[in-house]
Amino acid sequence: MLLRRDRALVAVLIMLDVAFHAGRTGTVSAADIAERAGLARRGIEPLLQALSRSSLLESVRGPRGGYHLGRPRRDISVAEIVATVVNTDSDSDDGPSGDLFGKVIDPFWSEQETELVSKLRDLTLDDLIRRAEAAGLRKPLTEPISFSI
């Protein structure tokens, strides 16, 4: 099972992949997402299901099926993506305890988490697409070019 941080990063990667390769109208398959991300398909399936249940993604069945964004990319914050998959984790009570943890580490971690969530709330998939384009990544053509004579 992926750790919370890993689940969050992979979920953001999945959403960015769908936004980048399919946008709002096209679809991408789970196999294609997994291949581009270098992950096992069965490893991302629970995340795809969680993102679909939350309506961040829509699942399309059929021969040209796959996934596409459930809303415009400018309306999907990174914080919402992270909250969707982190909230599906089961919280366990077997974590650290003691005075140092309770009085130093836990409050410190909560402060950092609050600041991070605030920053992630302001960051959308649209912002990440712009970062991808600024990094030199180009969207693939929607249809392969074919010539016939």
# chains A, B, ... in the order shown; residues from 1 in each chain; ligands from 1
>>> residues_around(residues="region 43-55 of chain A", least_positions_apart="6", cutoff="9 Å", atoms="only C-alpha atoms", output="list in words")
Met1, Leu2, Arg7, Val10, Ala11, Ile14, Met15, Ala30, Ile33, Ala34, Tyr67, Leu69, Gly70, Arg71, Ile81, Thr84, Val85 and Thr88 of chain A
>>> write_last_selection(atoms="N, CA and C atoms", output="JSON list (two decimals), in the first residue's frame")
[["chain", "number", "residue", "atom", "x", "y", "z"],
["A", 1, "MET", "N", 0.84, -1.18, 0.00],
["A", 1, "MET", "CA", 0.00, 0.00, 0.00],
["A", 1, "MET", "C", 0.89, 1.25, 0.00],
["A", 2, "LEU", "N", 0.48, 2.23, -0.76],
["A", 2, "LEU", "CA", 1.24, 3.47, -0.82],
["A", 2, "LEU", "C", 1.07, 4.27, 0.47],
["A", 7, "ARG", "N", 0.54, 8.37, -2.05],
["A", 7, "ARG", "CA", -0.82, 8.34, -2.61],
["A", 7, "ARG", "C", -1.20, 9.72, -3.14],
["A", 10, "VAL", "N", 0.87, 10.52, -6.34],
["A", 10, "VAL", "CA", 0.41, 9.73, -7.48],
["A", 10, "VAL", "C", -0.96, 10.22, -7.94],
["A", 11, "ALA", "N", -1.84, 10.58, -7.02],
["A", 11, "ALA", "CA", -3.16, 11.09, -7.40],
["A", 11, "ALA", "C", -3.03, 12.39, -8.19],
["A", 14, "ILE", "N", -1.82, 11.49, -11.61],
["A", 14, "ILE", "CA", -2.90, 10.92, -12.42],
["A", 14, "ILE", "C", -3.77, 12.04, -12.97],
["A", 15, "MET", "N", -4.17, 12.96, -12.11],
["A", 15, "MET", "CA", -5.04, 14.05, -12.54],
["A", 15, "MET", "C", -4.34, 14.94, -13.57],
["A", 30, "ALA", "N", -6.46, 3.71, -18.18],
["A", 30, "ALA", "CA", -5.68, 3.47, -16.97],
["A", 30, "ALA", "C", -4.31, 2.89, -17.36],
["A", 33, "ILE", "N", -2.06, 5.77, -18.50],
["A", 33, "ILE", "CA", -1.64, 6.58, -17.36],
["A", 33, "ILE", "C", -0.53, 5.84, -16.61],
["A", 34, "ALA", "N", -0.75, 4.57, -16.32],
["A", 34, "ALA", "CA", 0.23, 3.78, -15.58],
["A", 34, "ALA", "C", 1.55, 3.70, -16.33],
["A", 67, "TYR", "N", -10.70, 7.67, -18.88],
["A", 67, "TYR", "CA", -11.00, 8.70, -17.89],
["A", 67, "TYR", "C", -10.83, 10.08, -18.49],
["A", 69, "LEU", "N", -11.51, 14.49, -17.14],
["A", 69, "LEU", "CA", -11.77, 15.35, -15.99],
["A", 69, "LEU", "C", -13.27, 15.50, -15.76],
["A", 70, "GLY", "N", -13.64, 15.54, -14.49],
["A", 70, "GLY", "CA", -15.04, 15.72, -14.13],
["A", 70, "GLY", "C", -15.46, 17.18, -14.15],
["A", 71, "ARG", "N", -14.50, 18.07, -14.10],
["A", 71, "ARG", "CA", -14.76, 19.52, -14.13],
["A", 71, "ARG", "C", -13.62, 20.18, -14.89],
["A", 81, "ILE", "N", -7.63, 17.31, -4.67],
["A", 81, "ILE", "CA", -7.15, 15.99, -5.12],
["A", 81, "ILE", "C", -6.52, 15.25, -3.95],
["A", 84, "THR", "N", -9.00, 14.07, -1.33],
["A", 84, "THR", "CA", -9.80, 12.94, -1.80],
["A", 84, "THR", "C", -9.10, 11.61, -1.52],
["A", 85, "VAL", "N", -7.83, 11.52, -1.80],
["A", 85, "VAL", "CA", -7.14, 10.23, -1.63],
["A", 85, "VAL", "C", -6.60, 10.03, -0.22],
["A", 88, "THR", "N", -9.33, 8.71, 2.06],
["A", 88, "THR", "CA", -9.70, 7.31, 1.88],
["A", 88, "THR", "C", -8.79, 6.39, 2.67]]
>>> select_by_dssp(residues="region 29-124 of chain A", states="strand (DSSP E)", output="ChimeraX atom specification")
/A:57-60,66-69
>>> closest_atom_pairs(of="region 8-99 of chain A", to="region 118-125 of chain A", cutoff="8 Å", atoms="only C-alpha atoms", output="JSON lines")
{"residue": "A:Met15", "atom": "CA", "partner": "A:Leu125", "partner_atom": "CA", "distance": 7.6}
{"residue": "A:Leu16", "atom": "CA", "partner": "A:Leu125", "partner_atom": "CA", "distance": 6.4}
{"residue": "A:Ala19", "atom": "CA", "partner": "A:Leu125", "partner_atom": "CA", "distance": 7.3}
{"residue": "A:Arg73", "atom": "CA", "partner": "A:Leu125", "partner_atom": "CA", "distance": 5.1}
{"residue": "A:Arg74", "atom": "CA", "partner": "A:Thr124", "partner_atom": "CA", "distance": 5.8}
{"residue": "A:Asp75", "atom": "CA", "partner": "A:Thr124", "partner_atom": "CA", "distance": 6.9}
{"residue": "A:Ile76", "atom": "CA", "partner": "A:Thr124", "partner_atom": "CA", "distance": 5.5}
{"residue": "A:Ser77", "atom": "CA", "partner": "A:Thr124", "partner_atom": "CA", "distance": 4.1}
{"residue": "A:Val78", "atom": "CA", "partner": "A:Leu120", "partner_atom": "CA", "distance": 5.3}
{"residue": "A:Ala79", "atom": "CA", "partner": "A:Leu120", "partner_atom": "CA", "distance": 4.7}
{"residue": "A:Glu80", "atom": "CA", "partner": "A:Arg121", "partner_atom": "CA", "distance": 7.3}
>>> residues_around(residues="Thr27 (chain A)", least_positions_apart="4", cutoff="10 Å", atoms="only C-alpha atoms", output="tab-separated table (two decimals) with N, CA, C and O atoms, in the first residue's frame")
chain	number	residue	atom	x	y	z
A	18	VAL	N	-4.26	13.09	-16.92
A	18	VAL	CA	-5.55	13.15	-17.61
A	18	VAL	C	-5.78	14.55	-18.17
A	18	VAL	O	-6.20	14.69	-19.32
A	19	ALA	N	-5.49	15.58	-17.39
A	19	ALA	CA	-5.67	16.95	-17.87
A	19	ALA	C	-4.79	17.23	-19.07
A	19	ALA	O	-5.21	17.88	-20.03
A	21	HIS	N	-3.25	14.96	-21.21
A	21	HIS	CA	-3.42	14.10	-22.38
A	21	HIS	C	-4.86	13.99	-22.89
A	21	HIS	O	-5.05	13.67	-24.05
A	22	ALA	N	-5.84	14.25	-22.03
A	22	ALA	CA	-7.23	14.11	-22.48
A	22	ALA	C	-8.01	15.40	-22.38
A	22	ALA	O	-8.93	15.62	-23.15
A	23	GLY	N	-7.67	16.21	-21.42
A	23	GLY	CA	-8.45	17.43	-21.22
A	23	GLY	C	-9.85	17.10	-20.75
A	23	GLY	O	-10.09	16.12	-20.06
A	58	GLU	N	-14.18	11.39	-14.46
A	58	GLU	CA	-15.34	10.64	-14.94
A	58	GLU	C	-14.82	9.45	-15.70
A	58	GLU	O	-13.89	9.56	-16.49
A	59	SER	N	-15.43	8.31	-15.44
A	59	SER	CA	-15.05	7.07	-16.11
A	59	SER	C	-15.99	6.86	-17.30
A	59	SER	O	-17.20	7.01	-17.17
A	60	VAL	N	-15.41	6.52	-18.44
A	60	VAL	CA	-16.18	6.28	-19.66
A	60	VAL	C	-15.95	4.83	-20.06
A	60	VAL	O	-14.81	4.40	-20.22
A	64	ARG	N	-13.54	3.07	-26.67
A	64	ARG	CA	-12.74	4.29	-26.57
A	64	ARG	C	-12.87	4.90	-25.19
A	64	ARG	O	-12.70	6.09	-25.00
A	65	GLY	N	-13.14	4.05	-24.22
A	65	GLY	CA	-13.34	4.49	-22.85
A	65	GLY	C	-12.05	4.84	-22.15
A	65	GLY	O	-10.95	4.72	-22.70
A	66	GLY	N	-12.20	5.26	-20.93
A	66	GLY	CA	-11.07	5.66	-20.12
A	66	GLY	C	-11.53	6.68	-19.11
A	66	GLY	O	-12.63	6.60	-18.59
A	67	TYR	N	-10.70	7.67	-18.88
A	67	TYR	CA	-11.00	8.70	-17.89
A	67	TYR	C	-10.83	10.08	-18.49
A	67	TYR	O	-9.98	10.29	-19.35
A	68	HIS	N	-11.67	11.00	-18.05
A	68	HIS	CA	-11.49	12.42	-18.36
A	68	HIS	C	-11.88	13.22	-17.13
A	68	HIS	O	-12.46	12.70	-16.19
A	69	LEU	N	-11.51	14.49	-17.14
A	69	LEU	CA	-11.77	15.35	-15.99
A	69	LEU	C	-13.27	15.50	-15.76
A	69	LEU	O	-14.04	15.63	-16.70
>>> atom_distance(atom1="CA of Phe108 (chain A)", atom2="CA of Val12 (chain A)")
24.9 Å
>>> closest_residue(among="A:Leu13, A:Ile129, A:Gln112, A:Phe20", to="Leu39 (chain A)", atoms="only C-alpha atoms")
A:Leu13
>>> atom_distance(atom1="CA of Pro96 (chain A)", atom2="CA of Ser110 (chain A)")
14.5 Å
>>> atom_distance(atom1="CA of Pro72 (chain A)", atom2="CA of Asp17 (chain A)")
14.1 Å
